[in-house]
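Single-structure report; data block below.
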Amino acid sequence: MNFDFSSEDRMIQEQVRRFLSEQSPLSRHRSVMEGQSLQASEVWRGLADLGLQGTAIPEAYGGVGAGYLPLCLVAQELGGVLAAVPFSSSVYLATEAITCFGSTEQKERYLPKLASGEWVGTLAVSEGPQAPSPTNLTVTRSGNTVSGKKLVVPHGLVADFAIVLVASDAGTDLVLAGLEGVECSAVEIVDPTIAAATIDFAQTHCESLGEPGDGWAMLETVQHRAAVLYAFEQIGGAEQALNMAVAYAKERFAFGRPIGSFQSLKHMMADMYVALKLAESNAYYAAWALQNHASDLHLAAATARVSATQAFQLCARDNIQVHGGMGFTWAFDCHLFYRRSNYLALALGGLNEWENKLVDALPSAVA
Amino acid sequence: MDFTDTPAETEFRQTARAWIQDNAPTYLAAPLSGSGFGSTRTGDFDPIAEAKKWQKTKAEAGWACIQWPKEYGGRGATPIESVIWSQEEGVYSKLSGTFIIGQGMCAPTMMAYASEEAKLRYLPKLASGEEIWCQLFSEPHGGSDLAGLRTKAIKDGDTWVINGQKIWTSGAQHSDYGILITRTDPDVAKHRGLTMFFLDMKSEGVDIRPIKQANGDSGFNEVFFDNVRIPDAQRLGEVGDGWKVALTTLMNERLAIGGSIATGFPEIQALVSELVLASGPASGDQAVRSKLADWYAKSAGLKNTGARAISALSKGEIPGPENSIGKLVAGGMMQDIAKFAVDLQGLGGLVTDPAIARSQAQIQAMLMRSPAVRIEGGTDQILRNIIAERVLGLPEDMRADKGIAFSQIPTSQDAGAG
């Protein structure tokens with residue numbers, strides 16, 4: 001037994017941290033937020049130069065084949081700087097879906113280009129204000145074409161292709177569709193740095209991913225695996241939000257003393273730390289479960305997801321509170337974390353949905 | 001990273017399991033399963049006698065305090081082996097409650113500060129359960145403000161004369177020995193005038209009075225000292241270094257308590273799986289499911305945090321203040337769980353008779369014991385201060401007792417409040 005990452009994994013993390021601290025400061029995130037560019041494309045290319053998009057992709061398909069443990073730590077670092085790159089959609093979702101369910105021919109066609117960062121993929125699931133379910137999908141497939149509107153496709157504005165959840169004669173399917181020539185329009189969401197799109201498919205050419213009819217089950221598998229990686233992004237964000245709060249509380253004086261010496265604020269930050277620590281430990285276990293195909297992966301992933309969502313939401317929210325009025329200004333960075341925490345909380349379905357998945361995965365009670 | 005056993009760990013686990021199967025008091029398994037939350041249920045048998053018997057059996061075969069060096073009654077096992085052992089010991093570990101303070105807190109302090117001779121004399125009997133130890137720290141005027149304690153020790157030749165009062169001393173009524181923190185110099189700042197000793201609890205002038213607690217039990221005691229004499233050879237650490245010695249004890253306390261802490265999760269999960277509400281099975285109720293998920297995530301988080309602490313320990317790192325989160329999370333959670341569990345059962349949920357209530361009234365014991373968990377061994381508030389100041393590095397609160405002699409610190413009498 002050994003419950004920590006190896007020094008090799010930590011070295012990769014350190015390398016990514018150095019790169020991001022130089023190339024992806026919050027000011028870069030802000031320029032994306034304020035519309036100066038769709039994404040931080042030079043950061044995306046820099047990550048590709050380090051081979052990071054292909055961290056877990058097998059060498060046979062152009063990746064590094066280093067597995068999921070280092071990828072988890074990469075996610076944590078990206079989460080900490082709120083990197084404005086399509087890493088989560090392309091690596092945690094699209095790459096995972098193709099790795100798990102693609103045919104050999106599809107893997108050969110897609111994975112090398114995903115590994116090199118030349119292609120960006122995304123997953124198109126959501127269709128509107130209502131959470132998607134196997135029975136309420138309006139985007140449909142007919143033979144080799146897909147039609148209908150997906151609302152809020154993360155990184156849809158910069159993606160080369162999408163894996164689309166559709167209703168079909170077989171029930172639900174996942175299909176691969178190239179986005180060239182497809183109508184993609186920007187949609188404003190709480191976090192403006194994820195290049196969210198409305199995609200209007202109009203008899204767009206598509207091909208099956210996996211077996212028709214298995215769409216919903218495949219989606220669940222992909223989401224559970226991605227949940228582990230998203231959890232590490234959330235932890236990275238939570239950690240930075242807590243660091244910001246602590247740093248501010250040490251330097252800001254009121255009533256003749258640093259505000260961090262007041263117990264009401266100390267206890268708030270202690271609770272942020274506790275939430276973060278629990279989430280981190282659950283994410284560690286889930287990382288191991290993901291890497292080792294553990295039989296309790298679904299439970300571990302749902303647990304990591306619930307804890308990480310709770311931790312980032314709490315830390316981002318109370319970071320603003322510690323900053324007081326300044327924390328509610330556009331100029332301070334607190335809202336960047338608050339925005340991102342809300343995006344990540346919903347990116348794979350909300351907390352309530354994951355609480356249900358967790359309870360479904362619990363082994364029966366020992367009465 | 002590897003959450004599975006290595007071949008050597010597998011072998012260790014099998015050896016432990018086989019020994020437990022052959023030697024454990026299986027006749028106690030059923031009543032013990034309803035134990036916890038301040039009560040050790042052993043059916044018709046005496047809990048202390050059964051605890052001592054199991055501890056002795058383990059000690060004779062080298063399965064007591066396995067992480068301790070062999071010469072002190074242990075097995076010289078690794079931290080990981082210790083975790084494996086407690087997983088395998090399972091329900092029978094509930095018999096160990098009587099020894100937790102002695103083995104988990106007094107022993108590490110003795111190992112760090114007692115003479116070799118004293119270690120060889122006392123530790124093996126502590127390991128084997130033949131002698132029970134308690135920890136005499138808190139006082140009526142020194143709980144959260146532990147360093148505000150007033151029990152006096154005055155040097156008289158080769159002995160020290162102790163006068164004063166301790167309170168909340170768990171298990172003092174069953175104890176043979178105790179470690180005791182006293183004030184030896186009231187004219188220096190409060191943390192600097194303290195000295196630690198160990199003493200025979202049967203010494204003349206020691207008066208132990210059990211406290212009847214809010215839950216009706218009497219696990220805690222008041223202990224009065226009236227001219228009790230302690231040989232100087234029983235001093236732990238230097239005169240005036242008592243605070244430093246106490247921190248050793250308290251750090252181990254958080255590890256001892258945090259490592260195997262009860263949260264109430266298995267109990268609420270069991271209840272939910274069998275309860276039927278007006279709306280249908282409790283397990284299908286959305287509000288119930290949401291809480292269950294939250295509590296599971298927290299208890300898994302504690303378990304995995306504990307596992308990380310063990311890994312750090314295995315690599316020779318010292319347990320730090322971050323382990324304070326265990327009791328902080330578990331205490332509040334246990335109280336929430338008990339309240340919710342009782343709610344789900346309606347008025348019948350208030351029945352405390354073990355013969356009538358489900359699972360020998362375990363939930364009800366939890367309800368009535370949980371307030372203490374949030375206070376003992378550091379209140380929720382003190383633990384948050386520790387995390388804020390010692391982990392996050394936030395500045396200390398403004399303190400009225402900073403930098404002045406203990407004897408000059410204002411008290412409630414000065415404020416006319418009695």
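Residue numbers start at 1 in each chain; chains themselves are named A, B, ... in the order of the structure tokens; ligands are numbered from 1 in the order shown.
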
request  = Write out as a VMD selection string all residues of segment 138-314 of chain B that backbone DSSP assigns to strand (DSSP E).
outcome  = chain B and resid 152 to 156 159 to 167 177 to 183 194 to 200 206 to 210 221 to 231 235 to 236 276 to 277 280 to 281

Write out as a tab-separated table the residues of chain B that have any atom within 6 Å of an atom of chain A, one row each with the nearest atom pair and its distance in Å to one decimal, counting only C-alpha atoms, sorted by chain and then rising number.
residue	atom	partner	partner_atom	distance
B:Met1	CA	A:Phe5	CA	5.2
B:Asp2	CA	A:Asn2	CA	5.0
B:Phe3	CA	A:Met1	CA	5.0
B:Thr4	CA	A:Met1	CA	5.4
B:Asp5	CA	A:Met1	CA	5.4
B:Gln269	CA	A:Ala365	CA	5.8
B:Ala270	CA	A:Ala365	CA	5.0
B:Ser290	CA	A:Glu355	CA	5.7
B:Ala293	CA	A:Glu355	CA	5.2
B:Ala297	CA	A:Thr303	CA	5.3
B:Gly301	CA	A:Leu278	CA	4.3
B:Asn304	CA	A:Ser281	CA	5.2
B:Thr305	CA	A:Ser281	CA	5.3
B:Arg308	CA	A:Phe3	CA	5.3
B:Ser311	CA	A:Asn2	CA	5.8
B:Arg384	CA	A:His267	CA	5.4
B:Ile387	CA	A:Ala270	CA	5.7
B:Ala388	CA	A:Ala270	CA	5.3
B:Leu394	CA	A:Gly260	CA	5.7
B:Pro395	CA	A:Ser261	CA	5.0
B:Glu396	CA	A:Ser261	CA	5.5
B:Asp397	CA	A:Ser261	CA	4.8

task = Would you please give, as number ranges by chain, all residues of segment 139-365 of chain B that DSSP assigns to alpha helix (DSSP H) based on the backbone?
result = B: 242-259, 265-274, 286-314, 325-345, 362-365

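With atom CA of Ala405 of chain B on one side and atom CA of Ala153 of chain B on the other, the separation reads 17.0 Å.
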
key: Which residue of B:Arg183, B:Ala189, B:Ile101, B:Glu139 approaches Ser170 of chain B most closely, using only C-alpha atoms   = B:Ile101

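All residues of protein, DNA or RNA that reach within 6 Å of segment 145-148 of chain A, judged by only C-alpha atoms and not counting those fewer than 5 positions away in the chain, are Val139, Thr140, Asp200, Phe201, Ala202, Gln203, Thr204, His205 and Cys206 of chain A.
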
Expected file contents, prior selection, C-alpha atoms, as an mmCIF file, in the first residue's frame:
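Below is the file result18.cif, written as the result:
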data_model
loop_
_atom_site.group_PDB
_atom_site.id
_atom_site.type_symbol
_atom_site.label_atom_id
_atom_site.label_comp_id
_atom_site.auth_asym_id
_atom_site.auth_seq_id
_atom_site.Cartn_x
_atom_site.Cartn_y
_atom_site.Cartn_z
ATOM 1 C CA VAL A 139 -31.329 15.933 -31.580
ATOM 2 C CA THR A 140 -31.879 12.882 -33.734
ATOM 3 C CA ASP A 200 -27.261 23.529 -35.099
ATOM 4 C CA PHE A 201 -26.875 20.215 -36.890
ATOM 5 C CA ALA A 202 -28.734 20.084 -40.183
ATOM 6 C CA GLN A 203 -28.367 16.650 -41.751
ATOM 7 C CA THR A 204 -24.718 16.777 -40.775
ATOM 8 C CA HIS A 205 -22.707 13.734 -41.729
ATOM 9 C CA CYS A 206 -21.962 11.453 -38.760
#

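The spacing separating atom CA of Phe340 of chain B from atom CA of Thr42 of chain B amounts to 27.2 Å.
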
request  = May I have the residues within 7 Å of Ile132 of chain B as JSON, numbers by chain, using only C-alpha atoms and disregarding those fewer than 3 positions away in the same chain?
outcome  = {"B": [99, 102, 126, 129, 174, 175, 176, 177]}

Selection export as a PDB file, in the first residue's frame, atoms kept: C-alpha atoms:
ATOM      1  CA  PHE B  99      -6.870   1.275  26.555  1.00  0.00           C
ATOM      2  CA  GLY B 102      -3.050   4.879  27.673  1.00  0.00           C
ATOM      3  CA  LEU B 126       0.269  -0.990  29.248  1.00  0.00           C
ATOM      4  CA  GLY B 129      -3.806  -4.282  29.319  1.00  0.00           C
ATOM      5  CA  HIS B 174     -10.288   2.223  36.150  1.00  0.00           C
ATOM      6  CA  SER B 175      -6.751   3.567  35.887  1.00  0.00           C
ATOM      7  CA  ASP B 176      -3.570   2.397  37.575  1.00  0.00           C
ATOM      8  CA  TYR B 177      -1.374   5.244  36.324  1.00  0.00           C
TER       9      TYR B 177
END

query = Can you tell me, as a list in words, what residues are no more than 6 Å from segment 239-242 of chain B when counting only C-alpha atoms, ignoring any on the same chain fewer than 5 positions away?
reply =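 Here the answer would be Arg192, Gly193, Leu194, Thr195 and Met196 of chain B.
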
Close residues, segment 162-167 of chain B itself excluded, 10 Å, only C-alpha atoms, min 5 positions apart in chain, as a PyMOL selection string = chain B and resi 135-143+149-155+172+180-184+205-211+220-230

Residue neighbourhood Ala262 of chain B, 12 Å, only C-alpha atoms, exclusion window fewer than 3 positions, as a ChimeraX atom specification = /B:35-38,94,257-259,265-267,298-300,302-303,326-335,337,366,369-370,373

task = Measure the distance from atom CA of Asp173 of chain A to atom CA of Gln53 of chain A in Å and round it to one decimal.
result = 26.1 Å

ask   = Between B:Gly90, B:Gly104, B:Ala282, B:His191, which one has atoms that come closest to Gln21 of chain B, using only C-alpha atoms?
value = B:Gly90

request  = Find the residue from A:Asp296, A:Asp169, A:Glu77, A:Glu127 that sits nearest to Phe232 of chain A; use only C-alpha atoms when measuring.
outcome  =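 Looking only at the distances to Phe232 of chain A, the closest residue turns out to be A:Glu77.
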